[in-house]
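Novice: Supplied in structure tokens, the structure appears directly below.
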Amino acid sequence: MASHSDTLVVFFGATAGANGGKLGSDEREIILLVWQIVDLHEKKVGKLQRRLVKPDSLELTDQSKEETGLSVDELYKAEPLDKVLQQFQQSVSAELKALGRSSYTLCVDGPLIIRQALHPEASRKNLVLPECFYSFVDVRKEFHKCCPNAGQVQDLTLPYILEYVCIPELPLSEQVMGLKEVRCMVQLCLHILAEPYNHKFSCFEAVKYKLESGACSKTEPVDSETVIRARGLPWQSSDQDIARFFKGLNIAKGGVALCLNAQGRRNGEALVRFINQEHRDLALERHKHHMGSRYIEVYKATGEEFLKIAGGTSNEVAQFLSKENQVIIRMRGLPFTASPQDVLTFLGADSPATDASDGLLFVKYPDGRPTGDAFVLFSCEEYALNALKKHKQILGKRYIELFRSTAAEVQQVLNRYMSTPLISTLPSSSMVPMPVLATPPYLATGSTRDCVRLRGLPYTSAIEDILEFMGEHTIDIKPHGVHMVLNQQGRPSGDAFIQMRSADRAFMVAQKCHKKMMKDRYVEVFQCSTEEMSFVLMGGTLNRSGLSPPPCKLPCLAPPAYAAFPSPAMLSEAALYQPPLLATPRTPQPPLSPHPTLAYYPPQHHPAQLYMNMNMNYTAYYPSPPVSPSTMSYFASPPGSVALAAQQPHAQGHIASPMMPQHSALVRMQGLPYNAGVKDILSFFQGFQLQPDAILLLYNFSGQRSGEALITFPSEESARRAVSERANHPLSGLPVRLLVCCD
């Protein structure tokens, strides 16, 4: 409502479950509404109105029965919510007309009745709320403007406020729930309208009608206190569905980022950014509320996590998303030869794209090759719905999938494809090229049969599926021990290798998991050696008749163009430096002369991009768990980076020996609160000069935090000092156990 409203409608509600500070947190329906008009000019009040509301589920909690004094029989005779809201409008309109007033604003004691009860319930029941419920004033905030020394707004309660301004309590005969609260609010409003306050109500809060779409830049600051992670979403849910789940709370422009899995499909999670911390905190109260028949988990998240998903740097994407109030549709499976005109013809005249071909964005690899994905803008919902009707229709010789999409998903898909490194982007002649080894530098070869090969995996399977398939045996997997084999097109081949802690464990897995089902396929499990695994990962074949070496005949598998480079034996250890386990590679510091510089290249997707164009049958090494997975924790992160030593001649013309890296140490934290984040851990270790990227929170198989974390310290000495000083200290009231992880 406009700020010139001349009437307040003091409004109160109660539910069949939790009330007070927890109102709306349990999804229980509204059973009571009470209101009364206050004329701001004449300082008069209208008739006190009280209405019972019949819920769909006639069940009251014991607490609600005690607080409201209502029974199921009374509610059974009441009207449903939509009828009561009509009565509210008619009653208020009639009184305004009698007073000669034209506008009004709701006045409430805290935002919960509007944001956490009324709007969510109306959304679930598909009710259209009157415009008056999209704006209100909070009597606590208005009082705080008059008396700023009374305390923080969030700490104020109505009884405390009345006592502070010396308003006497109501007699016991009038202390009926709803009537008491409204009478007290009316008294308070009249009190601050009079001398000496002469207050004017001006803190008007708004509820957004709909979600605003928009793009987010990676350089944009995002407050971590405004972001949540929603988990358990239906895979087909859109940003509008998520906004509807959080109805009543204001989501920032472009603030819904749907997360994608390794195959580019939605994984049932989303990051949501709200306009401020107050709305974020209210969103956390909707933990395990329902979207349809599914309950949604809501957790705190960070601004860094949001930017990783929703942030972008491409000018082309920014220009594409600059058109506001557009509906975005994602097209998948397009023929690689499809042109903009082919796509527009496929969509047809009943679903024209905004600005014709300018409303299309084709997703491409860094070298310009099409991926088969595209995004389309539509100016209205009708055109988008017409386009979605063409889901799985044929274009050329392929069927096309169409889905609703978001600005954040556009950024995420473009980031995924455009960040794939090419060989041409590696350092030029100023760097010593990385020798191509028979195995990646972090895979030791040997004839011990301590590995297993999985054959016949579903092509959609990911590392999480393999760990679930392994079951209780995941605890015996070596660090970085899961290797998914990709074909020459970079897609899953159906094979994977697992490095176990011993040959006995590998034998046991092969016996127990052979021909066990994964999804709708049975998977063959064979025991093998690290040497055999390495041959396959580097392009060889493995069959029952033995090993077939990779196509390149040289022992080091190097193509002729690399013949002039030093052999592996000529390189020092630093040339194959792998950064500390679990730690994100940091920007290299300027070296001290005469040492050479070390340039770190963290792989964006698969480290095997460094082994491309070598005539290999299998061209990729898949990121694997950074620690031995267990039934308690699993977290997939990019594998180690590769360090290349730059040539810096001495005064005598020789190449200096590379600088050896300093060894770091890991500390395992146990017993963390499940809502503890990176900032909490940094505060816990204050004084140890840790960076956020040195902290790794661990998750269990359900995707929930396990209460553990791994911290990378710059040295073993600092790690042991941290354990000595901080072990068993409390974090959010819980004692935290600290252990130094040994090799």
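Here's how to read the names in the structure tokens: chain A, B, ... by the order shown, residue numbers from 1 in each chain, ligand numbers from 1 in the order shown.
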Enumerate, as a list of chain:residue names, the complete set of residues in range 242-279 of chain A that a backbone-based DSSP assignment places in strand (DSSP E).

Specialist: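 Everything in range 242-279 of chain A that counts as strand (DSSP E) is A:Ile251, A:Ala252, A:Lys253, A:Gly254, A:Gly255, A:Val256, A:Ala257, A:Leu258, A:Cys259, A:Leu260, A:Arg266, A:Asn267, A:Gly268, A:Glu269, A:Ala270, A:Leu271, A:Val272, A:Arg273, A:Phe274.
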
Novice: Compile the contact shell of Ala722 in chain A as an NGL selection string: residues with an atom at most 12 Å away, counting only C-alpha atoms, same-chain residues fewer than 2 positions apart removed.

Specialist: :A and (665-669 or 684-690 or 711-720 or 724-729 or 737-740)

Novice: Measuring between only C-alpha atoms, which one of A:Ala496, A:Cys513, A:Ala310, A:Ala387 shows the shortest distance to His473 in chain A?

Specialist: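 Distance minimum relative to His473 in chain A lands on A:Cys513.
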
Novice: For a test of reading the model, state the distance in Å between CA of Tyr76 in chain A and CA of Gly248 in chain A, rounded to one decimal.

Specialist: 27.7 Å

Novice: When distances are computed from only C-alpha atoms, which of A:Val317, A:Leu361, A:Ala301, A:Ile329 shows the smallest separation from Ser379 in chain A?

Specialist: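 For Ser379 in chain A, the nearest of the candidates is A:Ile329.
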
Novice: Residues at most 9 Å from range 397-399 of chain A, counting only C-alpha atoms, excluding those fewer than 5 positions away in the same chain, as a ChimeraX atom specification?

Specialist: /A:332-335,391-392

Novice: From the options A:Val536, A:Leu190, A:Leu731, A:Leu344, which residue's atoms come nearest to Glu42 in chain A, counting only C-alpha atoms?

Specialist: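 Looking at the shortest contact to Glu42 in chain A, the residue is A:Leu190.
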
Novice: Any idea what's packed within 7 Å of Ala374 in chain A, counting only C-alpha atoms, ignoring anything in its chain fewer than 3 positions away? Could you give it as a list of chain:residue names?

Specialist: A:Arg330, A:Met331, A:Arg332, A:Leu360, A:Leu361, A:Phe362, A:Val363

Novice: I need the chosen residues saved as a PDB file, in the first residue's frame, with N, CA and C atoms.

Specialist:
```pdb
ATOM      1  N   ARG A 330      15.135 -24.132 -21.949  1.00  0.00           N
ATOM      2  CA  ARG A 330      16.360 -24.797 -22.377  1.00  0.00           C
ATOM      3  C   ARG A 330      16.026 -25.903 -23.381  1.00  0.00           C
ATOM      4  N   MET A 331      16.755 -25.937 -24.483  1.00  0.00           N
ATOM      5  CA  MET A 331      16.606 -26.982 -25.498  1.00  0.00           C
ATOM      6  C   MET A 331      17.856 -27.869 -25.442  1.00  0.00           C
ATOM      7  N   ARG A 332      17.645 -29.186 -25.435  1.00  0.00           N
ATOM      8  CA  ARG A 332      18.769 -30.111 -25.342  1.00  0.00           C
ATOM      9  C   ARG A 332      18.633 -31.198 -26.408  1.00  0.00           C
ATOM     10  N   LEU A 360      17.940 -16.335 -29.036  1.00  0.00           N
ATOM     11  CA  LEU A 360      18.536 -17.666 -28.969  1.00  0.00           C
ATOM     12  C   LEU A 360      19.979 -17.561 -28.490  1.00  0.00           C
ATOM     13  N   LEU A 361      20.385 -18.499 -27.654  1.00  0.00           N
ATOM     14  CA  LEU A 361      21.779 -18.572 -27.218  1.00  0.00           C
ATOM     15  C   LEU A 361      22.235 -20.018 -27.347  1.00  0.00           C
ATOM     16  N   PHE A 362      23.115 -20.284 -28.307  1.00  0.00           N
ATOM     17  CA  PHE A 362      23.647 -21.627 -28.506  1.00  0.00           C
ATOM     18  C   PHE A 362      24.853 -21.830 -27.585  1.00  0.00           C
ATOM     19  N   VAL A 363      24.889 -22.968 -26.921  1.00  0.00           N
ATOM     20  CA  VAL A 363      25.994 -23.304 -26.032  1.00  0.00           C
ATOM     21  C   VAL A 363      27.074 -23.999 -26.859  1.00  0.00           C
TER      22      VAL A 363
END
```

Novice: At a cut-off of 8 Å, using only C-alpha atoms, what residues contact range 143-158 of chain A? Leave out same-chain residues fewer than 2 positions from it and give the result as a list of chain:residue names.

Specialist: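 The contact residues come out as A:Asp109, A:Val139, A:Arg140, A:Lys141, A:Tyr160, A:Ile161, A:Leu162, A:Tyr164, A:Cys184, A:Met185, A:Ile192, A:Tyr197, A:His199.
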
Novice: From the options A:Pro479, A:Gly69, A:Pro458, A:Gly214, which residue's atoms come nearest to Ala407 in chain A, counting only C-alpha atoms?

Specialist: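 Smallest distance to Ala407 in chain A is found for A:Gly214.
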
Novice: Fewer than 6 positions away in the same chain doesn't count, so skip those; otherwise give me all residues within 9 Å of Val678 in chain A, counting only C-alpha atoms, as a list in words.

Specialist: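 With the cut-off at 9 Å, the set is Thr302, Pro692, Asp693, Ile695, Leu696 and Leu697 of chain A.
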
Novice: Give me, as a PyMOL selection string, all polymer residues having an atom no more than 7 Å from Arg455 in chain A, counting only C-alpha atoms and skipping those fewer than 6 positions away in the same chain.

Specialist: chain A and resi 494-496+523-525
